[in-house]
Amino acid sequence: MTDSERLARYTSALEFAERQVAHLVEQHPGYFPIYTHEGKWRHEGELWTDWTGGFCAGMMWQFHRRTGDPMWRERAERYSKLLEHRQHDRKVHDLGFIFLNTYLPWYQLTGDAQLHDVLIQAGRTLAMRFQEKGQYLSSFIGPESLFIDIMMNVPIIFYAGLETNDEELLRVAQAHCRTTAHRIVRDDGSTTHEGIFDTQTGEFLRESTHQGKSADSAWARGLAWSLYGYSKCYGLTNDEFYLAISERNAAYWLTHLPPDHVPYWDFRADLSLPPPLGAQKESSAGAIAASGLLDLARQTRSPEAAARYRETALAMLDALTEPEYLAVNTAGWEGILKHGVYHTTKNLGVDESVMWGEFFFVEALTKVVCE
Ligand code: GLY
């Protein structure tokens, strides 16, 4: 594919994405879905945890960034505003997901101090999850639990700390990143989903998982969260330690990605078994990793690694823009990307569209189209 063919293909996929999100806004105003059921966004399925509002609103900001269309800005502001109260939400560890994709682009566009205040408060609220004994931010599960997913949220604490010169916020964010790296990122660059700690002593007890195949497996989305999260932390702090962890994750990703460039839900799934426990694709992990690798390609010191990261990101996006994954030819399907997975063991959103897959797919394509 030539560069101009790729740009045309990605632009067309983004236009399809715009139509799907516009349809969601018109059909279900003010509704923040998490995953589809048989391709439909509105259903009674369990949320597990309420963490994805920033992705729906975030796509609207991405559409505005590319098109400059005032309609997308109006929708982006309206949907972002609906999330403002979450700046005080102490029940989730997802305040980076919610605010970095909404209030940050809004603030960057306007310089409005009230928007900045919301970002700072969200960073401070997330920092309250810090467990001094174990030196990590705890997941929504409880004080004993550290999730790899939090690596994508800790950047809002760095952001708040840097913007306000708050050494305490920076200490918490740095400690979390180091504990995560030492406890749940493995030497080969793979990751486990969760670390369990003794809350009395802070001692690390064991690896664990909720959404991966097993504690000692390599849940694909968790690895993508780590790769992209450490890259984001490096972008904010210039701390080489974070760049090294992200590159270690990328090395695992690149050497284990299947030949068709779309990951299975777990890199250690038994592919002789049928879906959902065996050969189940997970498009959202591919979209997250593609967006992260595009950034990492600009950050790495190695020109060879930069070329490999970018080529892999584009190969993944090429695969995801095929009709096998892009729902463009699937009549009645309300999502953008098919074949995502939310929670296999709970049977939530398995082989469906998932809101973070939609967002990171749109974000990655927009990076390529707008660069
Ligand atoms: N728990 C966040 C995720 O599903 O990736």
# chains A, B, ... in the order shown; residues from 1 in each chain; ligands from 1

call {"tool": "residues_near_ligand", "arguments": {"ligand": "ligand 1", "cutoff": "12 Å", "atoms": "only C-alpha atoms and all ligand atoms", "output": "compact mmCIF listing (two decimals) with all heavy atoms, in the first residue's frame"}}
result
# COMPACT_ATOMS: atom_id res chain seq x y z
N ILE A 34 -20.35 0.85 27.36
CA ILE A 34 -19.04 0.22 27.59
C ILE A 34 -18.75 -0.82 26.51
O ILE A 34 -17.66 -0.86 25.96
CB ILE A 34 -18.99 -0.40 29.00
CG1 ILE A 34 -19.05 0.71 30.05
CG2 ILE A 34 -17.74 -1.26 29.19
CD1 ILE A 34 -18.77 0.26 31.48
N TYR A 35 -19.72 -1.67 26.22
CA TYR A 35 -19.51 -2.72 25.20
C TYR A 35 -20.84 -3.02 24.55
O TYR A 35 -21.90 -2.76 25.12
CB TYR A 35 -18.92 -3.99 25.85
CG TYR A 35 -19.78 -4.58 26.94
CD1 TYR A 35 -20.70 -5.59 26.68
CD2 TYR A 35 -19.69 -4.11 28.26
CE1 TYR A 35 -21.49 -6.13 27.69
CE2 TYR A 35 -20.47 -4.65 29.27
CZ TYR A 35 -21.37 -5.66 28.97
OH TYR A 35 -22.16 -6.18 29.97
N LEU A 47 -21.86 -3.64 34.12
CA LEU A 47 -20.73 -2.77 33.78
C LEU A 47 -19.40 -3.33 34.28
O LEU A 47 -18.36 -3.03 33.76
CB LEU A 47 -20.90 -1.38 34.41
CG LEU A 47 -22.15 -0.57 34.11
CD1 LEU A 47 -22.05 0.77 34.82
CD2 LEU A 47 -22.31 -0.38 32.62
N TRP A 48 -19.44 -4.10 35.34
CA TRP A 48 -18.30 -4.51 36.19
C TRP A 48 -17.78 -3.27 36.90
O TRP A 48 -17.87 -3.18 38.11
CB TRP A 48 -17.23 -5.23 35.39
CG TRP A 48 -16.19 -5.89 36.28
CD1 TRP A 48 -16.43 -6.55 37.45
CD2 TRP A 48 -14.78 -5.94 36.07
NE1 TRP A 48 -15.24 -7.02 37.96
CE2 TRP A 48 -14.22 -6.67 37.16
CE3 TRP A 48 -13.92 -5.47 35.08
CZ2 TRP A 48 -12.85 -6.92 37.28
CZ3 TRP A 48 -12.57 -5.73 35.19
CH2 TRP A 48 -12.04 -6.44 36.29
N THR A 49 -17.28 -2.30 36.16
CA THR A 49 -16.87 -1.03 36.76
C THR A 49 -17.08 0.07 35.72
O THR A 49 -16.99 -0.18 34.52
CB THR A 49 -15.40 -1.08 37.24
OG1 THR A 49 -14.94 0.24 37.52
CG2 THR A 49 -14.48 -1.70 36.22
N ASP A 50 -17.38 1.28 36.17
CA ASP A 50 -17.80 2.37 35.27
C ASP A 50 -16.58 3.23 34.92
O ASP A 50 -16.24 4.16 35.62
CB ASP A 50 -18.87 3.20 36.01
CG ASP A 50 -19.39 4.33 35.16
OD1 ASP A 50 -19.01 4.43 33.98
OD2 ASP A 50 -20.17 5.14 35.70
N TRP A 51 -15.91 2.88 33.81
CA TRP A 51 -14.60 3.48 33.55
C TRP A 51 -14.41 4.08 32.18
O TRP A 51 -13.34 4.59 31.87
CB TRP A 51 -13.51 2.43 33.80
CG TRP A 51 -13.57 1.21 32.92
CD1 TRP A 51 -14.51 0.21 32.96
CD2 TRP A 51 -12.67 0.87 31.87
NE1 TRP A 51 -14.23 -0.73 32.00
CE2 TRP A 51 -13.11 -0.36 31.32
CE3 TRP A 51 -11.53 1.46 31.33
CZ2 TRP A 51 -12.45 -0.99 30.26
CZ3 TRP A 51 -10.87 0.84 30.28
CH2 TRP A 51 -11.33 -0.38 29.75
N THR A 52 -15.44 4.03 31.31
CA THR A 52 -15.15 4.30 29.89
C THR A 52 -15.74 5.59 29.32
O THR A 52 -15.64 5.81 28.12
CB THR A 52 -15.63 3.12 29.02
OG1 THR A 52 -17.06 3.06 29.08
CG2 THR A 52 -15.06 1.80 29.50
N VAL A 92 -13.07 4.46 41.50
CA VAL A 92 -12.39 3.85 40.35
C VAL A 92 -10.93 4.33 40.29
O VAL A 92 -10.57 5.35 40.87
CB VAL A 92 -13.10 4.20 39.01
CG1 VAL A 92 -14.53 3.68 38.99
CG2 VAL A 92 -13.06 5.69 38.74
N HIS A 93 -10.14 3.55 39.52
CA HIS A 93 -8.72 3.94 39.33
C HIS A 93 -8.54 4.52 37.92
O HIS A 93 -7.42 4.53 37.41
CB HIS A 93 -7.82 2.72 39.53
CG HIS A 93 -8.18 1.56 38.64
ND1 HIS A 93 -8.76 0.40 39.09
CD2 HIS A 93 -8.06 1.40 37.30
CE1 HIS A 93 -8.97 -0.42 38.09
NE2 HIS A 93 -8.56 0.16 36.98
N ASP A 94 -9.64 4.96 37.30
CA ASP A 94 -9.63 5.25 35.85
C ASP A 94 -9.72 6.74 35.52
O ASP A 94 -10.16 7.09 34.42
CB ASP A 94 -10.82 4.51 35.21
CG ASP A 94 -10.75 3.02 35.50
OD1 ASP A 94 -9.81 2.38 35.03
OD2 ASP A 94 -11.63 2.53 36.25
N PHE A 97 -8.08 7.82 32.23
CA PHE A 97 -8.88 7.48 31.05
C PHE A 97 -9.99 8.52 30.86
O PHE A 97 -10.30 8.91 29.73
CB PHE A 97 -9.55 6.11 31.23
CG PHE A 97 -8.65 4.92 31.04
CD1 PHE A 97 -8.74 3.83 31.89
CD2 PHE A 97 -7.76 4.85 29.99
CE1 PHE A 97 -7.96 2.70 31.71
CE2 PHE A 97 -6.95 3.73 29.79
CZ PHE A 97 -7.06 2.65 30.66
N SER A 139 -6.22 -0.75 42.88
CA SER A 139 -7.30 -0.83 41.89
C SER A 139 -8.66 -0.71 42.57
O SER A 139 -8.75 -0.74 43.81
CB SER A 139 -7.22 -2.16 41.14
OG SER A 139 -7.87 -3.18 41.89
N PHE A 140 -9.71 -0.65 41.77
CA PHE A 140 -11.06 -0.54 42.34
C PHE A 140 -11.45 -1.79 43.12
O PHE A 140 -12.39 -1.75 43.92
CB PHE A 140 -12.09 -0.27 41.23
CG PHE A 140 -12.53 -1.49 40.47
CD1 PHE A 140 -13.74 -2.11 40.76
CD2 PHE A 140 -11.74 -2.04 39.47
CE1 PHE A 140 -14.15 -3.23 40.08
CE2 PHE A 140 -12.15 -3.17 38.78
CZ PHE A 140 -13.35 -3.78 39.08
N ILE A 141 -10.71 -2.89 42.93
CA ILE A 141 -11.04 -4.14 43.62
C ILE A 141 -10.85 -3.99 45.13
O ILE A 141 -11.66 -4.47 45.93
CB ILE A 141 -10.13 -5.30 43.10
CG1 ILE A 141 -10.41 -5.56 41.62
CG2 ILE A 141 -10.24 -6.55 43.95
CD1 ILE A 141 -11.72 -6.25 41.33
N LEU A 146 -3.19 -4.25 42.80
CA LEU A 146 -2.54 -3.34 41.83
C LEU A 146 -2.85 -3.87 40.44
O LEU A 146 -2.60 -5.05 40.16
CB LEU A 146 -1.04 -3.35 42.10
CG LEU A 146 -0.08 -2.90 40.99
CD1 LEU A 146 -0.29 -1.44 40.66
CD2 LEU A 146 1.36 -3.13 41.42
N PHE A 147 -3.40 -3.04 39.57
CA PHE A 147 -3.71 -3.44 38.19
C PHE A 147 -2.68 -2.84 37.23
O PHE A 147 -2.28 -1.67 37.39
CB PHE A 147 -5.08 -2.90 37.77
CG PHE A 147 -6.27 -3.79 38.05
CD1 PHE A 147 -6.23 -4.81 38.98
CD2 PHE A 147 -7.46 -3.59 37.35
CE1 PHE A 147 -7.34 -5.61 39.24
CE2 PHE A 147 -8.57 -4.37 37.59
CZ PHE A 147 -8.51 -5.39 38.52
N ILE A 148 -2.35 -3.58 36.17
CA ILE A 148 -1.48 -3.03 35.12
C ILE A 148 -2.19 -1.86 34.42
O ILE A 148 -1.55 -0.91 33.97
CB ILE A 148 -1.06 -4.13 34.10
CG1 ILE A 148 0.11 -3.64 33.23
CG2 ILE A 148 -2.21 -4.58 33.22
CD1 ILE A 148 1.40 -3.43 33.95
N ASP A 149 -3.53 -1.90 34.37
CA ASP A 149 -4.32 -0.85 33.70
C ASP A 149 -4.02 0.54 34.26
O ASP A 149 -4.19 1.55 33.56
CB ASP A 149 -5.83 -1.08 33.87
CG ASP A 149 -6.26 -2.53 33.83
OD1 ASP A 149 -5.43 -3.41 34.14
OD2 ASP A 149 -7.42 -2.78 33.52
N ILE A 150 -3.62 0.59 35.53
CA ILE A 150 -3.42 1.90 36.19
C ILE A 150 -2.26 2.66 35.54
O ILE A 150 -2.18 3.88 35.63
CB ILE A 150 -3.23 1.70 37.71
CG1 ILE A 150 -4.50 1.06 38.30
CG2 ILE A 150 -2.95 3.02 38.42
CD1 ILE A 150 -4.39 0.65 39.76
N MET A 151 -1.38 1.93 34.81
CA MET A 151 -0.29 2.64 34.12
C MET A 151 -0.81 3.66 33.11
O MET A 151 -0.12 4.62 32.79
CB MET A 151 0.65 1.65 33.43
CG MET A 151 1.68 1.02 34.35
SD MET A 151 2.55 2.21 35.40
CE MET A 151 3.20 3.35 34.21
N MET A 152 -2.03 3.47 32.61
CA MET A 152 -2.59 4.45 31.67
C MET A 152 -3.26 5.61 32.39
O MET A 152 -3.67 6.59 31.76
CB MET A 152 -3.62 3.78 30.75
CG MET A 152 -3.00 2.94 29.66
SD MET A 152 -2.10 3.91 28.42
CE MET A 152 -3.43 4.53 27.41
N ASN A 153 -3.41 5.49 33.71
CA ASN A 153 -4.09 6.53 34.49
C ASN A 153 -3.13 7.37 35.31
O ASN A 153 -3.38 8.54 35.58
CB ASN A 153 -5.15 5.87 35.38
CG ASN A 153 -6.27 5.30 34.54
OD1 ASN A 153 -7.08 6.04 34.02
ND2 ASN A 153 -6.29 3.99 34.35
N HIS A 193 -1.89 -9.28 34.92
CA HIS A 193 -2.92 -8.25 35.07
C HIS A 193 -2.84 -7.57 36.43
O HIS A 193 -2.92 -6.35 36.54
CB HIS A 193 -4.30 -8.91 34.88
CG HIS A 193 -5.45 -7.94 34.94
ND1 HIS A 193 -6.76 -8.34 35.00
CD2 HIS A 193 -5.48 -6.60 34.93
CE1 HIS A 193 -7.54 -7.27 35.02
NE2 HIS A 193 -6.80 -6.21 34.99
N GLU A 194 -2.66 -8.37 37.48
CA GLU A 194 -2.83 -7.84 38.83
C GLU A 194 -1.73 -8.33 39.76
O GLU A 194 -1.27 -9.48 39.63
CB GLU A 194 -4.19 -8.33 39.38
CG GLU A 194 -4.58 -7.78 40.73
CD GLU A 194 -5.89 -8.37 41.24
OE1 GLU A 194 -6.16 -9.57 40.98
OE2 GLU A 194 -6.64 -7.64 41.92
N THR A 209 -5.07 -12.43 38.12
CA THR A 209 -5.74 -11.85 36.95
C THR A 209 -7.25 -11.86 37.12
O THR A 209 -7.78 -12.68 37.88
CB THR A 209 -5.37 -12.60 35.65
OG1 THR A 209 -5.74 -11.80 34.53
CG2 THR A 209 -6.08 -13.95 35.54
N HIS A 210 -7.90 -10.94 36.44
CA HIS A 210 -9.37 -10.97 36.30
C HIS A 210 -9.73 -11.22 34.85
O HIS A 210 -10.66 -11.95 34.55
CB HIS A 210 -9.98 -9.64 36.76
CG HIS A 210 -9.80 -9.40 38.22
ND1 HIS A 210 -10.75 -9.71 39.16
CD2 HIS A 210 -8.74 -8.91 38.91
CE1 HIS A 210 -10.28 -9.43 40.37
NE2 HIS A 210 -9.07 -8.93 40.24
N GLN A 211 -8.99 -10.58 33.94
CA GLN A 211 -9.40 -10.61 32.54
C GLN A 211 -8.47 -11.43 31.64
O GLN A 211 -8.78 -11.64 30.48
CB GLN A 211 -9.54 -9.18 32.03
CG GLN A 211 -10.77 -8.49 32.63
CD GLN A 211 -10.68 -6.98 32.54
OE1 GLN A 211 -10.00 -6.34 33.34
NE2 GLN A 211 -11.34 -6.40 31.57
N GLY A 212 -7.36 -11.86 32.17
CA GLY A 212 -6.46 -12.71 31.40
C GLY A 212 -6.79 -14.18 31.59
O GLY A 212 -7.70 -14.55 32.34
N TRP A 219 -2.11 -11.41 29.33
CA TRP A 219 -3.34 -10.79 28.82
C TRP A 219 -2.94 -9.67 27.85
O TRP A 219 -2.18 -8.76 28.22
CB TRP A 219 -4.12 -10.25 30.01
CG TRP A 219 -5.37 -9.50 29.71
CD1 TRP A 219 -6.36 -9.87 28.83
CD2 TRP A 219 -5.79 -8.27 30.30
NE1 TRP A 219 -7.37 -8.93 28.86
CE2 TRP A 219 -7.04 -7.95 29.74
CE3 TRP A 219 -5.24 -7.41 31.25
CZ2 TRP A 219 -7.75 -6.80 30.09
CZ3 TRP A 219 -5.93 -6.27 31.61
CH2 TRP A 219 -7.17 -5.97 31.04
N ALA A 220 -3.44 -9.76 26.62
CA ALA A 220 -2.94 -8.86 25.58
C ALA A 220 -3.23 -7.39 25.90
O ALA A 220 -2.38 -6.52 25.70
CB ALA A 220 -3.56 -9.24 24.23
N ARG A 221 -4.43 -7.11 26.40
CA ARG A 221 -4.74 -5.69 26.66
C ARG A 221 -3.89 -5.14 27.80
O ARG A 221 -3.47 -3.99 27.77
CB ARG A 221 -6.23 -5.49 26.92
CG ARG A 221 -6.59 -4.01 26.90
CD ARG A 221 -8.05 -3.72 26.64
NE ARG A 221 -8.94 -4.13 27.70
CZ ARG A 221 -9.77 -5.16 27.65
NH1 ARG A 221 -9.79 -5.94 26.58
NH2 ARG A 221 -10.57 -5.45 28.65
N GLY A 222 -3.64 -5.97 28.80
CA GLY A 222 -2.79 -5.51 29.89
C GLY A 222 -1.40 -5.12 29.39
O GLY A 222 -0.83 -4.10 29.81
N LEU A 223 -0.87 -5.91 28.47
CA LEU A 223 0.45 -5.58 27.92
C LEU A 223 0.38 -4.27 27.14
O LEU A 223 1.29 -3.43 27.23
CB LEU A 223 0.94 -6.73 27.02
CG LEU A 223 2.30 -6.52 26.37
CD1 LEU A 223 3.38 -6.31 27.41
CD2 LEU A 223 2.65 -7.71 25.47
N ALA A 224 -0.71 -4.08 26.40
CA ALA A 224 -0.87 -2.82 25.65
C ALA A 224 -0.98 -1.63 26.61
O ALA A 224 -0.40 -0.57 26.37
CB ALA A 224 -2.11 -2.90 24.75
N TRP A 225 -1.70 -1.81 27.73
CA TRP A 225 -1.80 -0.72 28.72
C TRP A 225 -0.41 -0.37 29.25
O TRP A 225 -0.08 0.80 29.46
CB TRP A 225 -2.69 -1.10 29.89
CG TRP A 225 -4.17 -1.25 29.70
CD1 TRP A 225 -4.98 -2.16 30.34
CD2 TRP A 225 -5.06 -0.46 28.88
NE1 TRP A 225 -6.29 -2.00 29.97
CE2 TRP A 225 -6.37 -0.96 29.08
CE3 TRP A 225 -4.88 0.62 28.02
CZ2 TRP A 225 -7.49 -0.42 28.43
CZ3 TRP A 225 -5.99 1.16 27.36
CH2 TRP A 225 -7.27 0.64 27.57
N SER A 226 0.41 -1.38 29.49
CA SER A 226 1.74 -1.13 30.04
C SER A 226 2.62 -0.42 29.03
O SER A 226 3.25 0.61 29.33
CB SER A 226 2.36 -2.47 30.47
OG SER A 226 3.59 -2.27 31.10
N TRP A 265 -6.65 -12.68 22.55
CA TRP A 265 -6.98 -12.00 23.81
C TRP A 265 -5.89 -12.19 24.86
O TRP A 265 -5.71 -11.35 25.74
CB TRP A 265 -8.34 -12.47 24.33
CG TRP A 265 -8.36 -13.88 24.82
CD1 TRP A 265 -8.25 -15.01 24.06
CD2 TRP A 265 -8.50 -14.32 26.17
NE1 TRP A 265 -8.30 -16.13 24.86
CE2 TRP A 265 -8.47 -15.74 26.16
CE3 TRP A 265 -8.66 -13.68 27.40
CZ2 TRP A 265 -8.58 -16.50 27.32
CZ3 TRP A 265 -8.77 -14.44 28.55
CH2 TRP A 265 -8.73 -15.84 28.51
N GLU A 282 -8.64 -10.08 19.80
CA GLU A 282 -8.95 -8.96 20.70
C GLU A 282 -8.50 -7.67 20.01
O GLU A 282 -7.36 -7.21 20.19
CB GLU A 282 -8.24 -9.18 22.04
CG GLU A 282 -9.01 -8.65 23.24
CD GLU A 282 -9.15 -7.14 23.28
OE1 GLU A 282 -9.92 -6.58 22.45
OE2 GLU A 282 -8.52 -6.51 24.15
N SER A 284 -9.28 -4.59 20.41
CA SER A 284 -9.01 -3.37 21.19
C SER A 284 -7.56 -3.33 21.66
O SER A 284 -6.93 -2.26 21.69
CB SER A 284 -9.98 -3.23 22.37
OG SER A 284 -9.60 -3.99 23.49
N ALA A 285 -7.01 -4.49 22.01
CA ALA A 285 -5.60 -4.52 22.41
C ALA A 285 -4.72 -4.08 21.25
O ALA A 285 -3.73 -3.35 21.43
CB ALA A 285 -5.21 -5.93 22.88
N ILE A 288 -4.96 -0.21 20.93
CA ILE A 288 -4.20 0.48 21.99
C ILE A 288 -2.70 0.41 21.69
O ILE A 288 -1.98 1.42 21.74
CB ILE A 288 -4.48 -0.17 23.37
CG1 ILE A 288 -5.94 -0.04 23.76
CG2 ILE A 288 -3.57 0.43 24.45
CD1 ILE A 288 -6.39 -1.08 24.80
N GLY A 340 -13.67 -7.28 19.62
CA GLY A 340 -13.01 -6.88 20.87
C GLY A 340 -13.51 -7.78 22.00
O GLY A 340 -14.48 -8.53 21.84
N VAL A 341 -12.82 -7.70 23.13
CA VAL A 341 -13.23 -8.50 24.30
C VAL A 341 -13.12 -7.61 25.54
O VAL A 341 -12.09 -6.96 25.75
CB VAL A 341 -12.32 -9.74 24.50
CG1 VAL A 341 -12.72 -10.49 25.76
CG2 VAL A 341 -12.39 -10.66 23.29
N TYR A 342 -14.16 -7.63 26.37
CA TYR A 342 -14.10 -6.92 27.65
C TYR A 342 -13.64 -7.90 28.73
O TYR A 342 -12.51 -7.80 29.23
CB TYR A 342 -15.46 -6.31 27.96
CG TYR A 342 -15.56 -5.53 29.26
CD1 TYR A 342 -14.43 -5.03 29.91
CD2 TYR A 342 -16.80 -5.25 29.83
CE1 TYR A 342 -14.53 -4.30 31.09
CE2 TYR A 342 -16.92 -4.51 31.00
CZ TYR A 342 -15.78 -4.05 31.63
OH TYR A 342 -15.90 -3.32 32.79
N HIS A 343 -14.50 -8.84 29.11
CA HIS A 343 -14.19 -9.70 30.27
C HIS A 343 -14.62 -11.13 29.93
O HIS A 343 -15.82 -11.43 29.93
CB HIS A 343 -14.96 -9.16 31.48
CG HIS A 343 -14.44 -9.62 32.80
ND1 HIS A 343 -14.24 -10.95 33.09
CD2 HIS A 343 -14.09 -8.93 33.92
CE1 HIS A 343 -13.80 -11.06 34.33
NE2 HIS A 343 -13.68 -9.85 34.85
N THR A 344 -13.65 -11.98 29.68
CA THR A 344 -13.94 -13.33 29.19
C THR A 344 -14.64 -14.18 30.26
O THR A 344 -15.67 -14.79 29.98
CB THR A 344 -12.63 -14.02 28.73
OG1 THR A 344 -12.03 -13.18 27.74
CG2 THR A 344 -12.91 -15.39 28.14
N THR A 345 -14.08 -14.22 31.47
CA THR A 345 -14.66 -15.13 32.47
C THR A 345 -16.04 -14.67 32.93
O THR A 345 -16.88 -15.48 33.28
CB THR A 345 -13.73 -15.32 33.69
OG1 THR A 345 -13.32 -14.02 34.14
CG2 THR A 345 -12.52 -16.13 33.33
N LYS A 346 -16.30 -13.38 32.90
CA LYS A 346 -17.64 -12.89 33.24
C LYS A 346 -18.57 -12.92 32.02
O LYS A 346 -19.74 -12.56 32.13
CB LYS A 346 -17.57 -11.45 33.77
CG LYS A 346 -17.13 -11.34 35.23
CD LYS A 346 -17.13 -9.86 35.62
CE LYS A 346 -16.94 -9.67 37.11
NZ LYS A 346 -18.14 -9.99 37.89
N LEU A 348 -18.67 -10.83 29.51
CA LEU A 348 -19.14 -9.47 29.20
C LEU A 348 -18.42 -9.00 27.94
O LEU A 348 -17.19 -8.99 27.92
CB LEU A 348 -18.85 -8.50 30.35
CG LEU A 348 -19.38 -8.86 31.73
CD1 LEU A 348 -18.93 -7.81 32.75
CD2 LEU A 348 -20.90 -8.96 31.70
N GLY A 349 -19.17 -8.61 26.95
CA GLY A 349 -18.57 -8.02 25.75
C GLY A 349 -17.50 -8.88 25.12
O GLY A 349 -16.41 -8.40 24.81
N VAL A 350 -17.81 -10.16 24.91
CA VAL A 350 -16.83 -11.05 24.26
C VAL A 350 -17.15 -11.12 22.77
O VAL A 350 -18.27 -11.43 22.39
CB VAL A 350 -16.87 -12.46 24.91
CG1 VAL A 350 -15.92 -13.40 24.18
CG2 VAL A 350 -16.51 -12.37 26.38
N VAL A 354 -15.98 -2.63 21.85
CA VAL A 354 -15.75 -2.13 23.22
C VAL A 354 -15.29 -0.68 23.11
O VAL A 354 -14.55 -0.32 22.18
CB VAL A 354 -14.72 -3.01 23.96
CG1 VAL A 354 -15.28 -4.40 24.23
CG2 VAL A 354 -13.41 -3.12 23.21
N MET A 355 -15.75 0.18 24.03
CA MET A 355 -15.60 1.63 23.82
C MET A 355 -14.14 2.09 23.79
O MET A 355 -13.80 3.01 23.06
CB MET A 355 -16.41 2.36 24.90
CG MET A 355 -16.78 3.77 24.57
SD MET A 355 -17.22 4.14 22.85
CE MET A 355 -18.98 3.95 22.84
N TRP A 356 -13.26 1.43 24.53
CA TRP A 356 -11.84 1.83 24.50
C TRP A 356 -11.20 1.38 23.18
O TRP A 356 -10.30 2.05 22.68
CB TRP A 356 -11.08 1.27 25.70
CG TRP A 356 -11.23 -0.21 25.85
CD1 TRP A 356 -10.40 -1.18 25.38
CD2 TRP A 356 -12.32 -0.89 26.47
NE1 TRP A 356 -10.89 -2.42 25.67
CE2 TRP A 356 -12.07 -2.27 26.35
CE3 TRP A 356 -13.48 -0.48 27.13
CZ2 TRP A 356 -12.94 -3.24 26.85
CZ3 TRP A 356 -14.35 -1.44 27.63
CH2 TRP A 356 -14.07 -2.80 27.49
N GLY A 357 -11.66 0.26 22.62
CA GLY A 357 -11.14 -0.15 21.32
C GLY A 357 -11.50 0.89 20.27
O GLY A 357 -10.67 1.25 19.42

call {"tool": "residues_around", "arguments": {"residues": "His176 of chain A", "least_positions_apart": "2", "cutoff": "12 Å", "atoms": "only C-alpha atoms", "output": "MDAnalysis selection string"}}
result
chainID A and resid 126:127 129:139 146:155 157:158 169:174 178:184 229:230 233 242

call {"tool": "write_last_selection", "arguments": {"atoms": "C-alpha atoms", "output": "mmCIF file, in the first residue's frame"}}
result
data_model
loop_
_atom_site.group_PDB
_atom_site.id
_atom_site.type_symbol
_atom_site.label_atom_id
_atom_site.label_comp_id
_atom_site.auth_asym_id
_atom_site.auth_seq_id
_atom_site.Cartn_x
_atom_site.Cartn_y
_atom_site.Cartn_z
ATOM 1 C CA LEU A 126 -6.521 9.394 41.938
ATOM 2 C CA ALA A 127 -3.434 9.899 44.126
ATOM 3 C CA ARG A 129 -5.534 5.522 46.169
ATOM 4 C CA PHE A 130 -1.834 5.355 47.113
ATOM 5 C CA GLN A 131 -0.902 2.557 49.512
ATOM 6 C CA GLU A 132 2.165 3.677 51.490
ATOM 7 C CA LYS A 133 2.942 0.152 52.672
ATOM 8 C CA GLY A 134 3.233 -1.361 49.185
ATOM 9 C CA GLN A 135 4.023 1.890 47.282
ATOM 10 C CA TYR A 136 1.290 1.559 44.636
ATOM 11 C CA LEU A 137 -2.103 2.963 43.657
ATOM 12 C CA SER A 138 -4.735 0.351 44.434
ATOM 13 C CA SER A 139 -7.299 -0.830 41.887
ATOM 14 C CA LEU A 146 -2.542 -3.343 41.834
ATOM 15 C CA PHE A 147 -3.710 -3.440 38.191
ATOM 16 C CA ILE A 148 -1.483 -3.033 35.119
ATOM 17 C CA ASP A 149 -4.321 -0.850 33.695
ATOM 18 C CA ILE A 150 -3.417 1.897 36.185
ATOM 19 C CA MET A 151 -0.290 2.642 34.117
ATOM 20 C CA MET A 152 -2.588 4.446 31.666
ATOM 21 C CA ASN A 153 -4.088 6.529 34.487
ATOM 22 C CA VAL A 154 -1.024 7.494 36.519
ATOM 23 C CA PRO A 155 -0.099 10.112 33.865
ATOM 24 C CA ILE A 157 -1.028 12.396 38.587
ATOM 25 C CA PHE A 158 2.244 13.299 36.859
ATOM 26 C CA LEU A 169 1.995 13.947 43.743
ATOM 27 C CA LEU A 170 5.204 13.283 41.804
ATOM 28 C CA ARG A 171 6.498 10.983 44.558
ATOM 29 C CA VAL A 172 3.281 8.931 44.468
ATOM 30 C CA ALA A 173 3.271 8.646 40.676
ATOM 31 C CA GLN A 174 6.960 7.671 40.504
ATOM 32 C CA ARG A 178 8.443 1.598 39.900
ATOM 33 C CA THR A 179 6.390 -0.869 41.961
ATOM 34 C CA THR A 180 4.429 -1.866 38.851
ATOM 35 C CA ALA A 181 7.638 -2.359 36.876
ATOM 36 C CA HIS A 182 9.261 -4.463 39.582
ATOM 37 C CA ARG A 183 6.227 -6.558 40.481
ATOM 38 C CA ILE A 184 3.990 -7.112 37.476
ATOM 39 C CA GLY A 229 1.279 3.825 29.815
ATOM 40 C CA TYR A 230 5.047 3.786 30.334
ATOM 41 C CA CYS A 233 4.966 8.580 31.578
ATOM 42 C CA TYR A 242 9.919 4.391 31.767
#

call {"tool": "select_by_dssp", "arguments": {"residues": "segment 139-277 of chain A", "states": "strand (DSSP E or B)", "output": "VMD selection string"}}
result
chain A and resid 145 to 147 185 191 194 to 197 204 to 208 219 264 266

call {"tool": "atom_distance", "arguments": {"atom1": "atom CA of Lys40 of chain A", "atom2": "atom CA of Trp333 of chain A"}}
result
6.4 Å

call {"tool": "closest_residue", "arguments": {"among": "A:Lys91, A:Tyr159, A:Arg206, A:Ala218", "to": "His256 of chain A", "atoms": "only C-alpha atoms"}}
result
A:Ala218

call {"tool": "closest_residue", "arguments": {"among": "A:Asp295, A:Glu324, A:Glu38, A:Asp187", "to": "Ala251 of chain A", "atoms": "only C-alpha atoms"}}
result
A:Asp187

call {"tool": "residues_around", "arguments": {"residues": "segment 258-261 of chain A", "least_positions_apart": "5", "cutoff": "12 Å", "atoms": "only C-alpha atoms", "output": "PyMOL selection string"}}
result
chain A and resi 220+252-253+266-268+271+279+281-283+285-287+289-290+311-322+324-325

call {"tool": "atom_distance", "arguments": {"atom1": "atom CA of Ser217 of chain A", "atom2": "atom CA of Gly195 of chain A"}}
result
13.0 Å

call {"tool": "residues_around", "arguments": {"residues": "Glu334 of chain A", "least_positions_apart": "5", "cutoff": "9 Å", "atoms": "only C-alpha atoms", "output": "list in words"}}
result
Gln20, Val21, His23, Leu24, Thr36, Gly39, Lys40, Trp41, Ala327 and Ser353 of chain A
